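Q: Here you go, this is structure-v9.pdb (PDB, C-alpha atoms, pLDDT in the B column).
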```
MODEL        1
ATOM      1  CA  MET A   1     224.811  66.264 126.107  1.00 74.00           C
ATOM      2  CA  SER A   2     226.244  62.834 125.341  1.00 85.00           C
ATOM      3  CA  LEU A   3     224.855  59.339 125.361  1.00 89.00           C
ATOM      4  CA  PHE A   4     226.273  58.909 128.884  1.00 91.00           C
ATOM      5  CA  ASP A   5     223.713  61.403 130.159  1.00 92.00           C
ATOM      6  CA  VAL A   6     220.998  58.859 129.386  1.00 94.00           C
ATOM      7  CA  PHE A   7     222.146  56.884 132.426  1.00 94.00           C
ATOM      8  CA  GLY A   8     221.694  59.862 134.716  1.00 93.00           C
ATOM      9  CA  VAL A   9     218.278  60.711 133.305  1.00 94.00           C
ATOM     10  CA  ALA A  10     216.963  57.144 133.318  1.00 95.00           C
ATOM     11  CA  SER A  11     218.277  56.422 136.802  1.00 95.00           C
ATOM     12  CA  SER A  12     216.641  59.559 138.192  1.00 95.00           C
ATOM     13  CA  ALA A  13     213.366  58.250 136.771  1.00 95.00           C
ATOM     14  CA  LEU A  14     214.005  54.796 138.253  1.00 96.00           C
ATOM     15  CA  ALA A  15     214.578  56.331 141.678  1.00 95.00           C
ATOM     16  CA  ALA A  16     211.429  58.460 141.407  1.00 96.00           C
ATOM     17  CA  GLN A  17     209.251  55.600 140.188  1.00 96.00           C
ATOM     18  CA  SER A  18     210.514  53.247 142.864  1.00 96.00           C
ATOM     19  CA  GLN A  19     209.720  55.809 145.541  1.00 96.00           C
ATOM     20  CA  ARG A  20     206.232  56.076 144.081  1.00 96.00           C
ATOM     21  CA  LEU A  21     205.960  52.297 144.247  1.00 96.00           C
ATOM     22  CA  ASN A  22     207.122  52.383 147.869  1.00 95.00           C
ATOM     23  CA  VAL A  23     204.495  54.938 148.814  1.00 96.00           C
ATOM     24  CA  THR A  24     201.824  52.911 147.016  1.00 96.00           C
ATOM     25  CA  ALA A  25     202.894  49.819 148.932  1.00 96.00           C
ATOM     26  CA  SER A  26     202.663  51.752 152.183  1.00 95.00           C
ATOM     27  CA  ASN A  27     199.170  53.006 151.293  1.00 95.00           C
ATOM     28  CA  LEU A  28     197.927  49.548 150.358  1.00 95.00           C
ATOM     29  CA  ALA A  29     199.450  47.969 153.456  1.00 95.00           C
ATOM     30  CA  ASN A  30     197.746  50.554 155.642  1.00 93.00           C
ATOM     31  CA  ALA A  31     194.397  50.597 153.855  1.00 91.00           C
ATOM     32  CA  ASP A  32     192.759  49.271 157.055  1.00 89.00           C
ATOM     33  CA  SER A  33     194.958  50.882 159.712  1.00 88.00           C
ATOM     34  CA  VAL A  34     192.435  52.657 161.903  1.00 88.00           C
ATOM     35  CA  ALA A  35     194.994  53.891 164.408  1.00 85.00           C
ATOM     36  CA  GLY A  36     198.463  55.200 163.599  1.00 79.00           C
ATOM     37  CA  PRO A  37     201.147  56.334 166.088  1.00 82.00           C
ATOM     38  CA  ASP A  38     199.143  59.518 166.758  1.00 84.00           C
ATOM     39  CA  GLY A  39     195.927  57.613 167.431  1.00 81.00           C
ATOM     40  CA  THR A  40     194.155  58.738 164.257  1.00 87.00           C
ATOM     41  CA  ALA A  41     193.483  56.809 161.067  1.00 89.00           C
ATOM     42  CA  TYR A  42     196.308  56.449 158.537  1.00 91.00           C
ATOM     43  CA  LYS A  43     196.341  59.128 155.832  1.00 92.00           C
ATOM     44  CA  ALA A  44     197.174  58.178 152.248  1.00 93.00           C
ATOM     45  CA  ARG A  45     200.410  59.630 150.913  1.00 93.00           C
ATOM     46  CA  GLN A  46     201.280  60.646 147.378  1.00 94.00           C
ATOM     47  CA  VAL A  47     204.613  61.534 145.789  1.00 95.00           C
ATOM     48  CA  VAL A  48     204.941  64.708 143.740  1.00 95.00           C
ATOM     49  CA  PHE A  49     207.266  64.545 140.728  1.00 95.00           C
ATOM     50  CA  ALA A  50     209.063  67.601 139.426  1.00 94.00           C
ATOM     51  CA  ALA A  51     211.194  68.049 136.319  1.00 93.00           C
ATOM     52  CA  ALA A  52     214.778  68.987 137.178  1.00 92.00           C
ATOM     53  CA  PRO A  53     216.542  70.618 134.195  1.00 91.00           C
ATOM     54  CA  GLN A  54     220.335  70.180 134.341  1.00 88.00           C
ATOM     55  CA  VAL A  55     221.845  73.443 133.135  1.00 83.00           C
ATOM     56  CA  GLU A  56     225.347  72.139 132.367  1.00 80.00           C
ATOM     57  CA  ASP A  57     224.339  69.181 130.182  1.00 77.00           C
ATOM     58  CA  GLY A  58     220.977  70.435 128.946  1.00 80.00           C
ATOM     59  CA  VAL A  59     218.948  67.385 129.927  1.00 87.00           C
ATOM     60  CA  THR A  60     215.952  67.146 132.232  1.00 92.00           C
ATOM     61  CA  LYS A  61     215.978  64.668 135.093  1.00 93.00           C
ATOM     62  CA  VAL A  62     213.083  63.828 137.405  1.00 94.00           C
ATOM     63  CA  ASN A  63     213.107  64.278 141.126  1.00 92.00           C
ATOM     64  CA  VAL A  64     210.599  63.762 143.873  1.00 94.00           C
ATOM     65  CA  ALA A  65     209.596  67.231 145.041  1.00 94.00           C
ATOM     66  CA  GLY A  66     207.915  65.836 148.129  1.00 93.00           C
ATOM     67  CA  VAL A  67     205.531  63.359 149.657  1.00 95.00           C
ATOM     68  CA  ILE A  68     202.188  64.881 150.517  1.00 94.00           C
ATOM     69  CA  GLU A  69     199.382  63.578 152.703  1.00 93.00           C
ATOM     70  CA  ASP A  70     196.127  63.101 150.856  1.00 91.00           C
ATOM     71  CA  PRO A  71     193.856  65.917 152.175  1.00 91.00           C
ATOM     72  CA  SER A  72     190.596  64.055 151.486  1.00 91.00           C
ATOM     73  CA  PRO A  73     188.539  63.254 154.630  1.00 91.00           C
ATOM     74  CA  ALA A  74     188.754  59.905 156.393  1.00 89.00           C
ATOM     75  CA  LYS A  75     186.031  57.407 155.545  1.00 89.00           C
ATOM     76  CA  SER A  76     183.441  56.951 158.323  1.00 91.00           C
ATOM     77  CA  VAL A  77     182.263  53.393 158.701  1.00 91.00           C
ATOM     78  CA  TYR A  78     179.365  52.449 160.994  1.00 93.00           C
ATOM     79  CA  ASN A  79     180.581  49.736 163.332  1.00 91.00           C
ATOM     80  CA  PRO A  80     179.415  50.256 166.933  1.00 92.00           C
ATOM     81  CA  SER A  81     181.173  47.126 168.199  1.00 93.00           C
ATOM     82  CA  HIS A  82     184.596  48.485 167.197  1.00 89.00           C
ATOM     83  CA  PRO A  83     186.731  49.614 170.187  1.00 89.00           C
ATOM     84  CA  LEU A  84     187.564  52.887 168.388  1.00 87.00           C
ATOM     85  CA  ALA A  85     183.982  53.736 167.450  1.00 88.00           C
ATOM     86  CA  ASP A  86     182.786  57.218 168.490  1.00 89.00           C
ATOM     87  CA  ALA A  87     179.577  58.010 170.413  1.00 91.00           C
ATOM     88  CA  GLN A  88     177.475  57.575 167.255  1.00 92.00           C
ATOM     89  CA  GLY A  89     179.093  54.238 166.454  1.00 91.00           C
ATOM     90  CA  TYR A  90     181.251  55.456 163.537  1.00 92.00           C
ATOM     91  CA  VAL A  91     184.886  54.458 163.058  1.00 92.00           C
ATOM     92  CA  LYS A  92     187.267  56.700 161.074  1.00 91.00           C
ATOM     93  CA  MET A  93     188.930  54.558 158.400  1.00 92.00           C
ATOM     94  CA  PRO A  94     191.965  55.611 156.285  1.00 93.00           C
ATOM     95  CA  ASN A  95     191.263  57.683 153.162  1.00 92.00           C
ATOM     96  CA  VAL A  96     193.163  55.170 150.998  1.00 93.00           C
ATOM     97  CA  ASN A  97     191.435  54.451 147.700  1.00 93.00           C
ATOM     98  CA  VAL A  98     192.552  50.910 146.910  1.00 94.00           C
ATOM     99  CA  VAL A  99     191.586  51.118 143.230  1.00 96.00           C
ATOM    100  CA  ASP A 100     193.556  54.349 142.771  1.00 94.00           C
ATOM    101  CA  GLU A 101     196.537  52.770 144.440  1.00 95.00           C
ATOM    102  CA  MET A 102     196.431  49.732 142.171  1.00 96.00           C
ATOM    103  CA  VAL A 103     196.366  52.026 139.147  1.00 96.00           C
ATOM    104  CA  ASN A 104     199.303  53.960 140.602  1.00 94.00           C
ATOM    105  CA  MET A 105     201.177  50.738 141.139  1.00 96.00           C
ATOM    106  CA  MET A 106     200.687  49.583 137.543  1.00 96.00           C
ATOM    107  CA  SER A 107     201.636  52.980 136.152  1.00 95.00           C
ATOM    108  CA  ALA A 108     204.787  53.144 138.287  1.00 95.00           C
ATOM    109  CA  SER A 109     205.826  49.648 137.328  1.00 95.00           C
ATOM    110  CA  ARG A 110     205.324  50.279 133.598  1.00 95.00           C
ATOM    111  CA  SER A 111     207.266  53.531 133.745  1.00 95.00           C
ATOM    112  CA  TYR A 112     210.049  51.784 135.644  1.00 96.00           C
ATOM    113  CA  GLN A 113     210.228  49.102 132.956  1.00 96.00           C
ATOM    114  CA  SER A 114     210.370  51.678 130.172  1.00 95.00           C
ATOM    115  CA  ASN A 115     213.273  53.411 131.820  1.00 95.00           C
ATOM    116  CA  VAL A 116     215.180  50.177 132.366  1.00 96.00           C
ATOM    117  CA  GLU A 117     214.772  49.515 128.655  1.00 95.00           C
ATOM    118  CA  VAL A 118     216.039  52.989 127.811  1.00 96.00           C
ATOM    119  CA  MET A 119     219.102  52.395 129.958  1.00 96.00           C
ATOM    120  CA  ASN A 120     219.792  49.026 128.341  1.00 96.00           C
ATOM    121  CA  THR A 121     219.513  50.507 124.863  1.00 96.00           C
ATOM    122  CA  ALA A 122     221.944  53.294 125.745  1.00 95.00           C
ATOM    123  CA  LYS A 123     224.362  50.727 127.160  1.00 96.00           C
ATOM    124  CA  THR A 124     224.217  48.617 123.990  1.00 95.00           C
ATOM    125  CA  LEU A 125     224.779  51.675 121.804  1.00 95.00           C
ATOM    126  CA  LEU A 126     227.772  52.791 123.846  1.00 95.00           C
ATOM    127  CA  GLN A 127     229.288  49.318 123.706  1.00 95.00           C
ATOM    128  CA  LYS A 128     228.866  49.272 119.937  1.00 93.00           C
ATOM    129  CA  THR A 129     230.440  52.711 119.726  1.00 93.00           C
ATOM    130  CA  LEU A 130     233.468  51.377 121.580  1.00 93.00           C
ATOM    131  CA  THR A 131     234.086  48.887 118.778  1.00 91.00           C
ATOM    132  CA  LEU A 132     234.011  51.610 116.114  1.00 88.00           C
ATOM    133  CA  GLY A 133     236.491  50.892 113.303  1.00 81.00           C
ATOM    134  CA  GLN A 134     237.265  47.352 114.419  1.00 79.00           C
TER
ATOM    135  CA  MET B   1     245.732  64.896 104.171  1.00 71.00           C
ATOM    136  CA  ILE B   2     244.249  64.745 107.650  1.00 74.00           C
ATOM    137  CA  ASP B   3     241.924  67.420 106.382  1.00 82.00           C
ATOM    138  CA  ARG B   4     240.611  65.023 103.723  1.00 84.00           C
ATOM    139  CA  LEU B   5     240.049  62.240 106.242  1.00 82.00           C
ATOM    140  CA  ASP B   6     238.179  64.660 108.427  1.00 84.00           C
ATOM    141  CA  GLU B   7     236.080  65.803 105.517  1.00 85.00           C
ATOM    142  CA  MET B   8     235.238  62.246 104.542  1.00 87.00           C
ATOM    143  CA  MET B   9     234.031  61.246 107.973  1.00 87.00           C
ATOM    144  CA  LYS B  10     232.402  64.532 108.856  1.00 89.00           C
ATOM    145  CA  PHE B  11     228.936  63.649 107.652  1.00 90.00           C
ATOM    146  CA  GLN B  12     228.623  60.415 109.610  1.00 91.00           C
ATOM    147  CA  ALA B  13     230.437  61.844 112.634  1.00 90.00           C
ATOM    148  CA  ASP B  14     228.021  64.763 112.817  1.00 91.00           C
ATOM    149  CA  ALA B  15     225.073  62.439 112.274  1.00 92.00           C
ATOM    150  CA  LEU B  16     226.286  60.215 115.103  1.00 92.00           C
ATOM    151  CA  ASN B  17     226.733  63.181 117.426  1.00 91.00           C
ATOM    152  CA  LEU B  18     223.239  64.472 116.719  1.00 92.00           C
ATOM    153  CA  ARG B  19     221.723  61.002 117.081  1.00 94.00           C
ATOM    154  CA  ALA B  20     223.338  60.717 120.518  1.00 93.00           C
ATOM    155  CA  GLN B  21     221.907  64.100 121.499  1.00 92.00           C
ATOM    156  CA  ARG B  22     218.465  63.141 120.284  1.00 94.00           C
ATOM    157  CA  GLN B  23     218.668  59.828 122.141  1.00 94.00           C
ATOM    158  CA  THR B  24     219.344  61.737 125.366  1.00 94.00           C
ATOM    159  CA  LEU B  25     216.421  64.084 124.751  1.00 93.00           C
ATOM    160  CA  LEU B  26     214.043  61.189 124.075  1.00 95.00           C
ATOM    161  CA  ALA B  27     215.304  59.437 127.213  1.00 95.00           C
ATOM    162  CA  ALA B  28     214.500  62.594 129.185  1.00 94.00           C
ATOM    163  CA  ASN B  29     210.997  62.649 127.693  1.00 95.00           C
ATOM    164  CA  ILE B  30     210.413  59.018 128.680  1.00 95.00           C
ATOM    165  CA  ALA B  31     211.837  59.660 132.153  1.00 95.00           C
ATOM    166  CA  ASN B  32     209.410  62.550 132.654  1.00 94.00           C
ATOM    167  CA  ALA B  33     206.333  60.689 131.416  1.00 93.00           C
ATOM    168  CA  ASP B  34     204.670  61.107 134.838  1.00 93.00           C
ATOM    169  CA  THR B  35     205.888  64.593 135.734  1.00 94.00           C
ATOM    170  CA  PRO B  36     203.065  67.169 135.891  1.00 93.00           C
ATOM    171  CA  ASN B  37     203.456  70.108 133.469  1.00 93.00           C
ATOM    172  CA  TYR B  38     206.496  68.617 131.755  1.00 94.00           C
ATOM    173  CA  LYS B  39     206.570  69.516 128.055  1.00 93.00           C
ATOM    174  CA  ALA B  40     208.173  66.978 125.710  1.00 94.00           C
ATOM    175  CA  VAL B  41     211.007  68.375 123.564  1.00 93.00           C
ATOM    176  CA  ASP B  42     212.706  67.228 120.390  1.00 93.00           C
ATOM    177  CA  PHE B  43     214.614  68.777 117.485  1.00 93.00           C
ATOM    178  CA  ASP B  44     214.420  68.594 113.717  1.00 94.00           C
ATOM    179  CA  PHE B  45     217.202  66.147 112.885  1.00 93.00           C
ATOM    180  CA  ALA B  46     217.446  66.965 109.163  1.00 94.00           C
ATOM    181  CA  LYS B  47     217.702  70.673 109.849  1.00 92.00           C
ATOM    182  CA  ALA B  48     220.277  70.174 112.612  1.00 91.00           C
ATOM    183  CA  LEU B  49     222.410  67.942 110.372  1.00 91.00           C
ATOM    184  CA  ALA B  50     222.245  70.459 107.531  1.00 91.00           C
ATOM    185  CA  ALA B  51     223.365  73.196 109.942  1.00 89.00           C
ATOM    186  CA  ALA B  52     226.215  70.997 111.181  1.00 87.00           C
ATOM    187  CA  GLN B  53     227.320  70.372 107.590  1.00 85.00           C
ATOM    188  CA  ALA B  54     227.406  74.068 106.887  1.00 84.00           C
ATOM    189  CA  SER B  55     229.765  74.614 109.816  1.00 76.00           C
ATOM    190  CA  GLY B  56     233.500  73.831 110.011  1.00 67.00           C
ATOM    191  CA  SER B  57     235.187  70.505 110.778  1.00 58.00           C
ATOM    192  CA  ALA B  58     233.603  67.469 112.430  1.00 55.00           C
ATOM    193  CA  GLY B  59     232.859  67.942 116.088  1.00 54.00           C
ATOM    194  CA  ALA B  60     232.822  71.710 115.666  1.00 52.00           C
ATOM    195  CA  ALA B  61     229.118  71.285 115.101  1.00 45.00           C
ATOM    196  CA  MET B  62     228.774  70.534 118.783  1.00 53.00           C
ATOM    197  CA  ALA B  63     230.200  73.935 119.706  1.00 55.00           C
ATOM    198  CA  ASP B  64     227.778  76.128 121.598  1.00 51.00           C
ATOM    199  CA  ALA B  65     226.749  78.213 118.599  1.00 50.00           C
ATOM    200  CA  GLN B  66     225.606  75.141 116.680  1.00 63.00           C
ATOM    201  CA  LYS B  67     223.300  73.539 119.246  1.00 78.00           C
ATOM    202  CA  PRO B  68     220.139  72.282 117.512  1.00 85.00           C
ATOM    203  CA  GLU B  69     217.026  74.313 118.123  1.00 86.00           C
ATOM    204  CA  MET B  70     214.783  72.660 120.731  1.00 88.00           C
ATOM    205  CA  LEU B  71     211.121  72.433 119.849  1.00 91.00           C
ATOM    206  CA  TYR B  72     208.142  71.452 121.967  1.00 93.00           C
ATOM    207  CA  ARG B  73     206.211  68.474 120.717  1.00 91.00           C
ATOM    208  CA  GLN B  74     202.589  69.055 119.763  1.00 92.00           C
ATOM    209  CA  PRO B  75     200.529  66.712 121.948  1.00 88.00           C
ATOM    210  CA  SER B  76     198.057  64.457 120.155  1.00 87.00           C
ATOM    211  CA  GLN B  77     195.786  64.375 123.204  1.00 87.00           C
ATOM    212  CA  ALA B  78     195.364  66.846 126.024  1.00 85.00           C
ATOM    213  CA  SER B  79     196.139  65.650 129.536  1.00 88.00           C
ATOM    214  CA  LEU B  80     194.791  66.892 132.833  1.00 90.00           C
ATOM    215  CA  ASP B  81     198.185  67.455 134.463  1.00 91.00           C
ATOM    216  CA  GLY B  82     199.664  69.495 131.593  1.00 92.00           C
ATOM    217  CA  ASN B  83     202.153  66.789 130.620  1.00 93.00           C
ATOM    218  CA  THR B  84     202.694  66.447 126.864  1.00 93.00           C
ATOM    219  CA  VAL B  85     204.644  63.176 126.769  1.00 93.00           C
ATOM    220  CA  ASP B  86     202.978  60.623 124.504  1.00 93.00           C
ATOM    221  CA  MET B  87     204.655  57.421 125.647  1.00 92.00           C
ATOM    222  CA  ASP B  88     203.894  55.475 122.454  1.00 92.00           C
ATOM    223  CA  ALA B  89     205.293  58.206 120.215  1.00 93.00           C
ATOM    224  CA  GLU B  90     208.371  58.623 122.396  1.00 94.00           C
ATOM    225  CA  ARG B  91     209.082  54.911 122.518  1.00 94.00           C
ATOM    226  CA  GLY B  92     208.654  54.694 118.757  1.00 95.00           C
ATOM    227  CA  GLN B  93     211.008  57.609 118.170  1.00 95.00           C
ATOM    228  CA  PHE B  94     213.482  56.137 120.638  1.00 96.00           C
ATOM    229  CA  ALA B  95     213.576  52.790 118.806  1.00 96.00           C
ATOM    230  CA  ASP B  96     213.841  54.571 115.457  1.00 96.00           C
ATOM    231  CA  ASN B  97     216.694  56.722 116.703  1.00 96.00           C
ATOM    232  CA  THR B  98     218.497  53.669 118.103  1.00 96.00           C
ATOM    233  CA  VAL B  99     218.480  51.916 114.729  1.00 96.00           C
ATOM    234  CA  ARG B 100     219.597  55.051 112.916  1.00 96.00           C
ATOM    235  CA  TYR B 101     222.417  55.575 115.401  1.00 96.00           C
ATOM    236  CA  GLU B 102     223.601  52.032 114.731  1.00 95.00           C
ATOM    237  CA  ALA B 103     223.336  52.620 111.000  1.00 95.00           C
ATOM    238  CA  ALA B 104     225.516  55.741 111.225  1.00 94.00           C
ATOM    239  CA  LEU B 105     227.937  53.764 113.372  1.00 94.00           C
ATOM    240  CA  ARG B 106     228.214  50.972 110.798  1.00 94.00           C
ATOM    241  CA  VAL B 107     228.738  53.323 107.878  1.00 94.00           C
ATOM    242  CA  LEU B 108     231.410  55.196 109.810  1.00 93.00           C
ATOM    243  CA  SER B 109     233.034  51.907 110.737  1.00 93.00           C
ATOM    244  CA  ALA B 110     233.032  50.823 107.084  1.00 93.00           C
ATOM    245  CA  GLN B 111     234.581  54.127 106.042  1.00 92.00           C
ATOM    246  CA  ILE B 112     237.356  53.679 108.579  1.00 91.00           C
ATOM    247  CA  LYS B 113     237.961  50.159 107.287  1.00 92.00           C
ATOM    248  CA  THR B 114     238.107  51.399 103.709  1.00 91.00           C
ATOM    249  CA  MET B 115     240.681  54.000 104.631  1.00 90.00           C
ATOM    250  CA  LEU B 116     242.632  51.462 106.632  1.00 90.00           C
ATOM    251  CA  ALA B 117     242.722  49.149 103.608  1.00 92.00           C
ATOM    252  CA  ALA B 118     244.033  52.018 101.484  1.00 90.00           C
ATOM    253  CA  VAL B 119     246.703  52.835 104.047  1.00 88.00           C
ATOM    254  CA  THR B 120     247.915  49.295 104.655  1.00 92.00           C
ATOM    255  CA  GLY B 121     247.602  48.280 101.021  1.00 79.00           C
TER
ENDMDL
END
```
In structure tokens, write the structure found in this file.
A:
Amino acid sequence: MSLFDVFGVASSALAAQSQRLNVTASNLANADSVAGPDGTAYKARQVVFAAAPQVEDGVTKVNVAGVIEDPSPAKSVYNPSHPLADAQGYVKMPNVNVVDEMVNMMSASRSYQSNVEVMNTAKTLLQKTLTLGQ
Amino acid sequence: MIDRLDEMMKFQADALNLRAQRQTLLAANIANADTPNYKAVDFDFAKALAAAQASGSAGAAMADAQKPEMLYRQPSQASLDGNTVDMDAERGQFADNTVRYEAALRVLSAQIKTMLAAVTG
């Protein structure tokens, strides 16, 4: 466990947080997509983080265990003039919660920033260590 | 002779080693701030340094037998996903550890300079 391991740990977090940001962007972009490639409304996706302990150096990285589809039901919106409306006049809209996604976005971006800072600090410390005794 | 040099620098060298380890642990805690069920870990620095001092020469402290004991942090607030990382506390500890690492580095550097002055006259 040396200071160099900080880079591995922080970069695993950067990768995970940026994937989370990507998924959030996809959810927000598709918040009104009533028809996907399969003809049904877009389903919100969420990333699942998992801790990944590294046995040889004793540190714990983060990895993305998977991307799951949000199981909550699609929102039904009454709009009889819509071409995709059913017999009762309801259109199935994506189950994306825009407020949740904005919160996710802010959280991911803050965590990303924290980890960049951690990496910078480790870099500065290592550079100072290189000048030891000079 | 070399033995004496080793002895003189042992304290700061061990401190530096442990600071680096703690820095890595705190980085892992910050990295896992959003991981469900992750439990934040840390170790008692004073105790680990005392244990390292009791052991043989500098660097030997990092041998497997002398690894500091890992402790789970007591969370100040419960969280729904079982994660015990308190970002503010971790960031504070991280900054604190950074400064103390630099302090150990400077003292060690000064010791080396002192010895160098004695050697070169």
Q: Could you check which of A:Ser12, A:Asn79, A:Asn30, A:Ser114 is closest to Ala51 of chain A, using all atoms listed in the file?
A: A:Ser12
Q: Taking (208.3, 60.9, 121.2) in the coordinates of the supplied file, I want to know which residues reach to within 12 Å of it, counting all atoms listed in the file; could you give the answer as a ChimeraX atom specification?
A: /B:22-33,39-43,71-76,84-97
Q: List the residues selected by the PyMOL selection byres ((chain A and resi 124-129) around 8) in the file shown, writing them as number ranges by chain.
A: A: 3, 120-123, 130-132; B: 98, 101-102, 105
Q: Provide the atom CA of Ser18 of chain A to atom CA of Ser109 of chain A distance in Å, to one decimal place.
A: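 Separating atom CA of Ser18 of chain A from atom CA of Ser109 of chain A is a distance of 8.1 Å.
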Q: Once you add 8 Å to each side, what are the centre and edge lengths of the axis-aligned box holding all listed atoms of segment 7-24 of chain B? One decimal in Å, as AutoDock Vina command-line options, if you can.
A:
```
--center_x 227.3 --center_y 62.8 --center_z 115.0 --size_x 33.6 --size_y 22.0 --size_z 36.8
```
Q: Identify the residues within 10 Å of coordinate (207.4, 55.3, 147.0) (same frame as the file), considering all atoms listed in the file, and give the answer as number ranges by chain.
A: A: 15-27, 45-47, 64, 67, 105, 108
Q: Given the file above and the ChimeraX specification (/B :<6) & /A, which residues are selected, and can you give them as a PyMOL selection string?
A: chain A and resi 1-3+6+9-10+13+49-50+60+132-133
Q: Within 8 Å of Met93 of chain A, counting only C-alpha atoms, which residues qualify if same-chain residues fewer than 4 places away don't, as a PyMOL selection string?
A: chain A and resi 32-34+41-42+74-77
Q: So the first atom is atom CA of Ala117 of chain B and the second is atom CA of Phe11 of chain B; what is the distance between them in Å, to one decimal place?
A: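 A separation of 20.4 Å between them.
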Q: Can you work out the spacing between atom CA of Ser72 of chain A and atom CA of Ala87 of chain A in Å, to one decimal?
A: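 That distance, rounded to one decimal, is 22.7 Å.
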Q: Mind rebuilding segment 83-97 of chain A with N, CA and C atoms and writing that out as a compact mmCIF listing (two decimals), keeping the file's coordinate frame?
A:
```
# COMPACT_ATOMS: atom_id res chain seq x y z
N PRO A 83 186.24 48.89 168.99
CA PRO A 83 186.73 49.61 170.19
C PRO A 83 187.01 51.09 169.93
N LEU A 84 187.26 51.49 168.67
CA LEU A 84 187.56 52.89 168.39
C LEU A 84 186.35 53.66 167.87
N ALA A 85 185.18 53.06 167.93
CA ALA A 85 183.98 53.74 167.45
C ALA A 85 183.67 54.94 168.33
N ASP A 86 183.14 56.04 167.70
CA ASP A 86 182.79 57.22 168.49
C ASP A 86 181.38 57.04 169.07
N ALA A 87 180.86 58.11 169.71
CA ALA A 87 179.58 58.01 170.41
C ALA A 87 178.44 57.57 169.49
N GLN A 88 178.53 57.96 168.20
CA GLN A 88 177.48 57.58 167.26
C GLN A 88 177.70 56.19 166.65
N GLY A 89 178.81 55.57 166.98
CA GLY A 89 179.09 54.24 166.45
C GLY A 89 179.90 54.23 165.17
N TYR A 90 180.46 55.40 164.78
CA TYR A 90 181.25 55.46 163.54
C TYR A 90 182.74 55.32 163.83
N VAL A 91 183.43 54.60 162.95
CA VAL A 91 184.89 54.46 163.06
C VAL A 91 185.51 55.20 161.88
N LYS A 92 186.56 56.00 162.16
CA LYS A 92 187.27 56.70 161.07
C LYS A 92 188.26 55.73 160.42
N MET A 93 188.04 55.46 159.13
CA MET A 93 188.93 54.56 158.40
C MET A 93 189.86 55.40 157.51
N PRO A 94 191.03 54.85 157.13
CA PRO A 94 191.96 55.61 156.28
C PRO A 94 191.32 56.04 154.97
N ASN A 95 191.81 57.18 154.43
CA ASN A 95 191.26 57.68 153.16
C ASN A 95 191.97 57.07 151.95
N VAL A 96 192.46 55.85 152.11
CA VAL A 96 193.16 55.17 151.00
C VAL A 96 192.13 54.63 150.02
N ASN A 97 192.30 55.01 148.74
CA ASN A 97 191.44 54.45 147.70
C ASN A 97 192.20 53.31 147.04
```
